[in-house]
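Asker: Below you'll find the structure I mean.
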Amino acid sequence: MTFDIRLLWLIGALCGAGFGLLVLLVRKTYPNYLGRVLLFWGASYLCLGASYALWSERTWVGDYAFNAVSHTLVALCLSLELKAVRELKRKTLTKSRFLIAPLLMLAACTWFTVVQRNITVELLLFNGIDMAMMILIARTLALPEEGQRPRIDLMAMAVYLAAAMLTFFVIVDYFREGLFSREYDFECTRSYVNSISGIVSEGLVFSLFLLLVSERLNRTLVIQAMLDALTGLYNRRAFQEIAFRELAGAARTRNSVSILVFDIDHFKAVNDKRGHMAGDQVLRAVADTLRYCLRDEDFLCRWGGDEFCALLPRANREQAEAVATRVLETFETFSVRFEADSIEVSVSIGIMSDQGDQKDLTSLVELADAALFQAKQAGRNRFAFSHECTPA
């Protein structure tokens with residue numbers, strides 16, 4: 001009793017359709033770009049499942065659909081996978097590049113099915129294009145993100161490279177035989193190897209890709225938990241964790257550390273006269289400007305309301321004063337456009353510098369807040385030092 005290869009193709013069709021529908025169902029629970037990634041990924045599996053379905057129903061769909069359409073669907077599947085991976089890596093893929101492989105496959109398969117019939121050469125080209133696409137996907141997965149290559153990305157890359165290598169051996173086997181007959185016997189060892197490896201790779205990549213997306217989702221959630229939704233700065237909880245580490249280090253090394261508290265002058269009047277939309281725009285603009293004025297090693301957070309807090313590691317009184325002066329100079333000509341209005345904005349600053357005396361963040365912020373109150377009492381748009389600042 002011989003094993004019918006159409007059974008393998010039917011298994012591939014069911015797996016492809018099932019995986020594709022599952023991905024499209026779960027994608028709605030993923031935010032932003034991850035949802036787009038899963039949309040492309042689910043569509044790719046549906047294309048692969050449709051291709052297997054055409055193969056398994058050769059007597060019903062006709063010779064052209066069996067050879068040309070099904071192979072083009074595989075190329076489209078790999079193109080969608082490449083687009084999904086590039087979206088995952090935050091890399092763009094133009095529409096023209098995205099369509100190269102499917103169009104090339106359709107042209108080649110149409111030629112060797114209809115014009116100059118030679119199914120063996122057609123399959124050889126089919127494997128060659130597929131191998132090139134797998135290598136491109138593996139290369140994209142190897143791209144670093146924020147200076148790192150996630151381990152799960154490298155595992156998925158290894159699966160694609162293994163599939164590409166197996167396809168390469170299939171191509172070599174074509175040339176080893178040296179027989180490029182017009183027709184092709186699909187009940188041969190080469191076809192079984194191709195089909196089994198395709199289905200196995202399909203299952204492995206499906207599992208790994210879900211892990212890839214979940215890893216990004218976890219990373220996104222961690223980042224979102226650390227950031228203020230309106231300004232994109234650290235929120236108070238994340239800032240407190242950072243400050244605990246920095247202050248502990250300053251206490252050990254006796255290095256200076258400075259805390260600057262910024263408050264937007266007359267911010268309540270902006271909300272009262274122009275509304276909270278204008279107030280939100282002012283907050284975002286002030287956050288961006290403060291971030292620009294600080295040093296690269298400084299940490300900035302939205303402490304609450306219209307108040308911001310910055311921690312300056314290894315910054316003594318003079319260095320903190322230089323930063324505050326730069327901020328005030330920037331705000332001298334600063335304004336925010338809102339609809340047809342121009343809103344002039346200034347800030348007041350309270351500064352507390354400490355020589356690693358093991359004060360906790362709460363104490364330092366309270367002292368900086370007291371200095372901020374002095375700056376406001378003195379007329380706003382200026383800075384003041386806490387009287388407990390350590391002399392330089």
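In the structure tokens, chains take the letters A, B, ... in the order shown, each chain's residues start at 1, and ligands count up from 1 in the order shown.
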From a DSSP calculation on the backbone, collect every residue of region 122-300 of chain A in strand (DSSP E) and output the set as a list in words.
Answerer: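 For region 122-300 of chain A, the strand (DSSP E) set is Val257, Ser258, Ile259, Leu260, Val261, Phe262, Asp263, Ile264, Phe299 and Leu300 of chain A.
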Asker: Counting only C-alpha atoms, what are the residues of region 158-277 of chain A within 8 Å of region 113-126 of chain A, and for each of them which pair of atoms is the nearest and at what distance in Å, to one decimal? Sort the table by chain and rising number, as a Markdown table.
Answerer:
| residue | atom | partner | partner_atom | distance |
| --- | --- | --- | --- | --- |
| A:Ile171 | CA | A:Leu124 | CA | 6.3 |
| A:Tyr174 | CA | A:Leu124 | CA | 7.3 |
| A:Phe180 | CA | A:Thr120 | CA | 5.4 |
| A:Ser181 | CA | A:Thr120 | CA | 6.0 |
| A:Arg182 | CA | A:Asn118 | CA | 3.9 |
| A:Glu183 | CA | A:Ile119 | CA | 5.3 |
| A:Tyr184 | CA | A:Thr120 | CA | 5.8 |
Asker: Restricting it to N, CA and C atoms, dump the selection as a PDB file, in the first residue's frame.
Answerer:
ATOM      1  N   ILE A 171      17.195  21.464  -4.455  1.00  0.00           N
ATOM      2  CA  ILE A 171      17.641  22.037  -5.734  1.00  0.00           C
ATOM      3  C   ILE A 171      18.855  21.285  -6.261  1.00  0.00           C
ATOM      4  N   TYR A 174      17.901  18.113  -7.904  1.00  0.00           N
ATOM      5  CA  TYR A 174      17.429  18.286  -9.279  1.00  0.00           C
ATOM      6  C   TYR A 174      18.601  18.207 -10.259  1.00  0.00           C
ATOM      7  N   PHE A 180      15.353  16.976 -16.641  1.00  0.00           N
ATOM      8  CA  PHE A 180      14.371  18.048 -16.533  1.00  0.00           C
ATOM      9  C   PHE A 180      13.211  17.754 -17.485  1.00  0.00           C
ATOM     10  N   SER A 181      12.470  16.716 -17.133  1.00  0.00           N
ATOM     11  CA  SER A 181      11.380  16.274 -17.994  1.00  0.00           C
ATOM     12  C   SER A 181      10.223  17.254 -17.955  1.00  0.00           C
ATOM     13  N   ARG A 182       9.397  17.212 -18.999  1.00  0.00           N
ATOM     14  CA  ARG A 182       8.261  18.129 -19.111  1.00  0.00           C
ATOM     15  C   ARG A 182       7.245  17.905 -17.998  1.00  0.00           C
ATOM     16  N   GLU A 183       7.057  16.672 -17.584  1.00  0.00           N
ATOM     17  CA  GLU A 183       6.123  16.363 -16.508  1.00  0.00           C
ATOM     18  C   GLU A 183       6.907  15.997 -15.251  1.00  0.00           C
ATOM     19  N   TYR A 184       6.198  15.863 -14.141  1.00  0.00           N
ATOM     20  CA  TYR A 184       6.874  15.591 -12.882  1.00  0.00           C
ATOM     21  C   TYR A 184       6.055  14.612 -12.054  1.00  0.00           C
TER      22      TYR A 184
END
Asker: Between CA of Val159 (chain A) and CA of Gly178 (chain A), what is the distance, to one decimal in Å?
Answerer: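 Separation between CA of Val159 (chain A) and CA of Gly178 (chain A): 29.1 Å.
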Asker: Once DSSP has gone over the backbone, tell me which residues of region 7-120 of chain A are in alpha helix (DSSP H), as a ChimeraX atom specification.
Answerer: /A:7-26,32-56,58-61,63-64,70-88,95-110,119-120
Asker: Since we have the selection now, will you write its residues out, keeping C-alpha atoms, as an mmCIF file, in the first residue's frame?
Answerer:
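So the final result, stored in part08.cif, reads:
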data_model
loop_
_atom_site.group_PDB
_atom_site.id
_atom_site.type_symbol
_atom_site.label_atom_id
_atom_site.label_comp_id
_atom_site.auth_asym_id
_atom_site.auth_seq_id
_atom_site.Cartn_x
_atom_site.Cartn_y
_atom_site.Cartn_z
ATOM 1 C CA LEU A 7 -2.980 13.368 2.328
ATOM 2 C CA LEU A 8 0.102 15.401 3.292
ATOM 3 C CA TRP A 9 -1.176 18.314 1.243
ATOM 4 C CA LEU A 10 -4.564 18.080 2.946
ATOM 5 C CA ILE A 11 -2.877 18.159 6.365
ATOM 6 C CA GLY A 12 -0.938 21.224 5.231
ATOM 7 C CA ALA A 13 -4.142 22.917 4.061
ATOM 8 C CA LEU A 14 -5.900 22.293 7.373
ATOM 9 C CA CYS A 15 -2.894 23.473 9.411
ATOM 10 C CA GLY A 16 -2.440 26.596 7.299
ATOM 11 C CA ALA A 17 -6.118 27.566 7.450
ATOM 12 C CA GLY A 18 -6.347 26.792 11.178
ATOM 13 C CA PHE A 19 -3.207 28.715 12.079
ATOM 14 C CA GLY A 20 -4.214 31.671 9.899
ATOM 15 C CA LEU A 21 -7.708 31.962 11.364
ATOM 16 C CA LEU A 22 -6.365 31.624 14.917
ATOM 17 C CA VAL A 23 -3.848 34.424 14.362
ATOM 18 C CA LEU A 24 -6.487 36.707 12.846
ATOM 19 C CA LEU A 25 -8.771 36.055 15.813
ATOM 20 C CA VAL A 26 -6.171 36.844 18.484
ATOM 21 C CA ASN A 32 -0.915 49.137 17.573
ATOM 22 C CA TYR A 33 1.748 47.728 15.269
ATOM 23 C CA LEU A 34 1.566 44.233 16.767
ATOM 24 C CA GLY A 35 -1.978 43.934 15.445
ATOM 25 C CA ARG A 36 -0.693 44.808 11.940
ATOM 26 C CA VAL A 37 2.083 42.244 12.308
ATOM 27 C CA LEU A 38 -0.422 39.523 13.134
ATOM 28 C CA LEU A 39 -2.704 40.622 10.282
ATOM 29 C CA PHE A 40 0.084 40.011 7.765
ATOM 30 C CA TRP A 41 1.086 36.806 9.511
ATOM 31 C CA GLY A 42 -2.443 35.387 9.563
ATOM 32 C CA ALA A 43 -2.921 36.285 5.883
ATOM 33 C CA SER A 44 0.310 34.476 5.025
ATOM 34 C CA TYR A 45 -0.945 31.252 6.622
ATOM 35 C CA LEU A 46 -4.233 31.508 4.783
ATOM 36 C CA CYS A 47 -2.298 31.807 1.506
ATOM 37 C CA LEU A 48 -0.229 28.759 2.418
ATOM 38 C CA GLY A 49 -3.336 26.783 3.370
ATOM 39 C CA ALA A 50 -5.010 27.736 0.071
ATOM 40 C CA SER A 51 -1.935 26.580 -1.817
ATOM 41 C CA TYR A 52 -1.974 23.175 -0.124
ATOM 42 C CA ALA A 53 -5.728 22.947 -0.791
ATOM 43 C CA LEU A 54 -5.168 23.491 -4.527
ATOM 44 C CA TRP A 55 -2.481 20.810 -4.554
ATOM 45 C CA SER A 56 -4.694 18.302 -2.760
ATOM 46 C CA ARG A 58 -5.557 18.709 -8.499
ATOM 47 C CA THR A 59 -8.191 16.798 -10.449
ATOM 48 C CA TRP A 60 -10.825 19.411 -9.610
ATOM 49 C CA VAL A 61 -8.948 22.721 -9.896
ATOM 50 C CA ASP A 63 -3.508 22.071 -14.247
ATOM 51 C CA TYR A 64 -2.910 25.850 -14.218
ATOM 52 C CA SER A 70 -0.642 27.410 -5.959
ATOM 53 C CA HIS A 71 3.040 28.250 -6.318
ATOM 54 C CA THR A 72 2.267 31.961 -6.528
ATOM 55 C CA LEU A 73 0.298 31.660 -3.291
ATOM 56 C CA VAL A 74 3.365 30.172 -1.584
ATOM 57 C CA ALA A 75 5.468 33.116 -2.795
ATOM 58 C CA LEU A 76 2.775 35.505 -1.545
ATOM 59 C CA CYS A 77 2.796 33.665 1.790
ATOM 60 C CA LEU A 78 6.545 34.193 2.175
ATOM 61 C CA SER A 79 6.246 37.838 1.095
ATOM 62 C CA LEU A 80 3.599 38.408 3.767
ATOM 63 C CA GLU A 81 5.824 36.691 6.327
ATOM 64 C CA LEU A 82 8.700 38.965 5.316
ATOM 65 C CA LYS A 83 6.439 42.011 5.668
ATOM 66 C CA ALA A 84 5.255 40.797 9.073
ATOM 67 C CA VAL A 85 8.821 40.275 10.297
ATOM 68 C CA ARG A 86 9.934 43.677 9.015
ATOM 69 C CA GLU A 87 6.943 45.304 10.725
ATOM 70 C CA LEU A 88 7.953 43.479 13.892
ATOM 71 C CA LYS A 95 4.814 47.789 -1.988
ATOM 72 C CA SER A 96 6.995 47.230 -5.065
ATOM 73 C CA ARG A 97 9.472 45.074 -3.142
ATOM 74 C CA PHE A 98 6.661 43.230 -1.424
ATOM 75 C CA LEU A 99 5.191 42.093 -4.763
ATOM 76 C CA ILE A 100 8.443 41.085 -6.498
ATOM 77 C CA ALA A 101 8.468 37.430 -5.425
ATOM 78 C CA PRO A 102 4.758 36.667 -6.128
ATOM 79 C CA LEU A 103 4.850 38.395 -9.534
ATOM 80 C CA LEU A 104 8.096 36.680 -10.493
ATOM 81 C CA MET A 105 6.669 33.336 -9.409
ATOM 82 C CA LEU A 106 3.439 33.890 -11.343
ATOM 83 C CA ALA A 107 5.310 34.837 -14.527
ATOM 84 C CA ALA A 108 7.711 31.877 -14.321
ATOM 85 C CA CYS A 109 5.020 29.334 -13.472
ATOM 86 C CA THR A 110 2.681 30.626 -16.178
ATOM 87 C CA ILE A 119 6.955 21.290 -14.768
ATOM 88 C CA THR A 120 10.366 20.137 -13.516
#
Asker: For region 199-296 of chain A against region 315-320 of chain A, with a cut-off of 10 Å and counting only C-alpha atoms, what is the closest atom pair and its distance in Å to one decimal for every residue that makes the cut, ordered by chain and number, as a Markdown table?
Answerer:
| residue | atom | partner | partner_atom | distance |
| --- | --- | --- | --- | --- |
| A:Asn255 | CA | A:Ala315 | CA | 8.1 |
| A:Ser256 | CA | A:Asn316 | CA | 5.2 |
| A:Val257 | CA | A:Ala315 | CA | 5.1 |
| A:Ser258 | CA | A:Ala315 | CA | 5.7 |
| A:Ile259 | CA | A:Ala320 | CA | 8.2 |
| A:Leu260 | CA | A:Ala320 | CA | 7.8 |
| A:Leu294 | CA | A:Ala320 | CA | 9.9 |
Asker: With a distance cut-off of 8 Å and only C-alpha atoms, select the neighbouring residues of region 161-163 of chain A, excluding the residue or stretch itself and same-chain residues fewer than 4 positions from it, and output the selection as a VMD selection string.
Answerer: chain A and resid 131 134 to 135 138 157 167 197 to 198 201
Asker: Mind dumping the selected residues with C-alpha atoms as an mmCIF file, in the first residue's frame?
Answerer:
data_model
loop_
_atom_site.group_PDB
_atom_site.id
_atom_site.type_symbol
_atom_site.label_atom_id
_atom_site.label_comp_id
_atom_site.auth_asym_id
_atom_site.auth_seq_id
_atom_site.Cartn_x
_atom_site.Cartn_y
_atom_site.Cartn_z
ATOM 1 C CA MET A 131 14.840 29.630 -0.675
ATOM 2 C CA MET A 134 13.497 32.300 3.489
ATOM 3 C CA ILE A 135 17.022 33.707 3.588
ATOM 4 C CA ALA A 138 16.146 34.971 8.358
ATOM 5 C CA MET A 157 15.989 32.668 12.181
ATOM 6 C CA THR A 167 15.378 23.550 -0.035
ATOM 7 C CA SER A 197 9.534 19.824 5.870
ATOM 8 C CA GLY A 198 7.059 22.520 4.838
ATOM 9 C CA SER A 201 8.447 24.332 9.471
#
Asker: Of the candidates A:Leu154, A:Glu146, A:Ile137, A:Ile5, which shows the shortest atom-to-atom distance to Asn194 (chain A), using only C-alpha atoms?
Answerer: A:Ile5
Asker: Hey, what's within 12 Å of Cys293 (chain A) if we count only C-alpha atoms and toss same-chain stuff fewer than 4 positions away? As a list in words, please?
Answerer: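 These residues fall inside the cut-off: Val286, Ala287, Asp288, Thr289, Glu297, Asp298, Phe299, Leu300, Ala310, Ala320, Ala322, Val323, Ala324, Thr325, Arg326, Val327, Leu328, Glu329, Thr330 and Phe331 of chain A.
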Asker: In Å, rounded to a single decimal, give me how far CA of Phe334 (chain A) is from CA of Gln374 (chain A).
Answerer: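 Taking CA of Gln374 (chain A) as the start and CA of Phe334 (chain A) as the end point, the length is 22.8 Å.
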Asker: Using only C-alpha atoms, can you tell me which of A:Arg274, A:Lys89, A:Arg176, A:Arg237 comes closest to Leu361 (chain A)?
Answerer: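 Among A:Arg274, A:Lys89, A:Arg176, A:Arg237, it is A:Arg237 that comes nearest to Leu361 (chain A).
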Asker: In Å to one decimal, how far is CA of Thr140 (chain A) from CA of Ile152 (chain A)?
Answerer: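 Atom-to-atom, CA of Ile152 (chain A) to CA of Thr140 (chain A), that is 13.2 Å.
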Asker: Using only C-alpha atoms, which of A:Ala164, A:Ala370, A:Val365, A:Leu141 sits nearest Gln240 (chain A)?
Answerer: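 Result for the nearest residue to Gln240 (chain A): A:Val365.
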Asker: Find the residues near Leu364 (chain A): any atom within 10 Å, counting only C-alpha atoms, skip ones fewer than 2 places away on the same chain, and give them as a list of chain:residue names.
Answerer: A:Val257, A:Ser258, A:Ile259, A:Leu260, A:Ile351, A:Met352, A:Ser353, A:Asp354, A:Lys359, A:Asp360, A:Leu361, A:Thr362, A:Glu366, A:Leu367, A:Ala368, A:Asp369, A:Ala370, A:Ser386, A:Glu388, A:Cys389
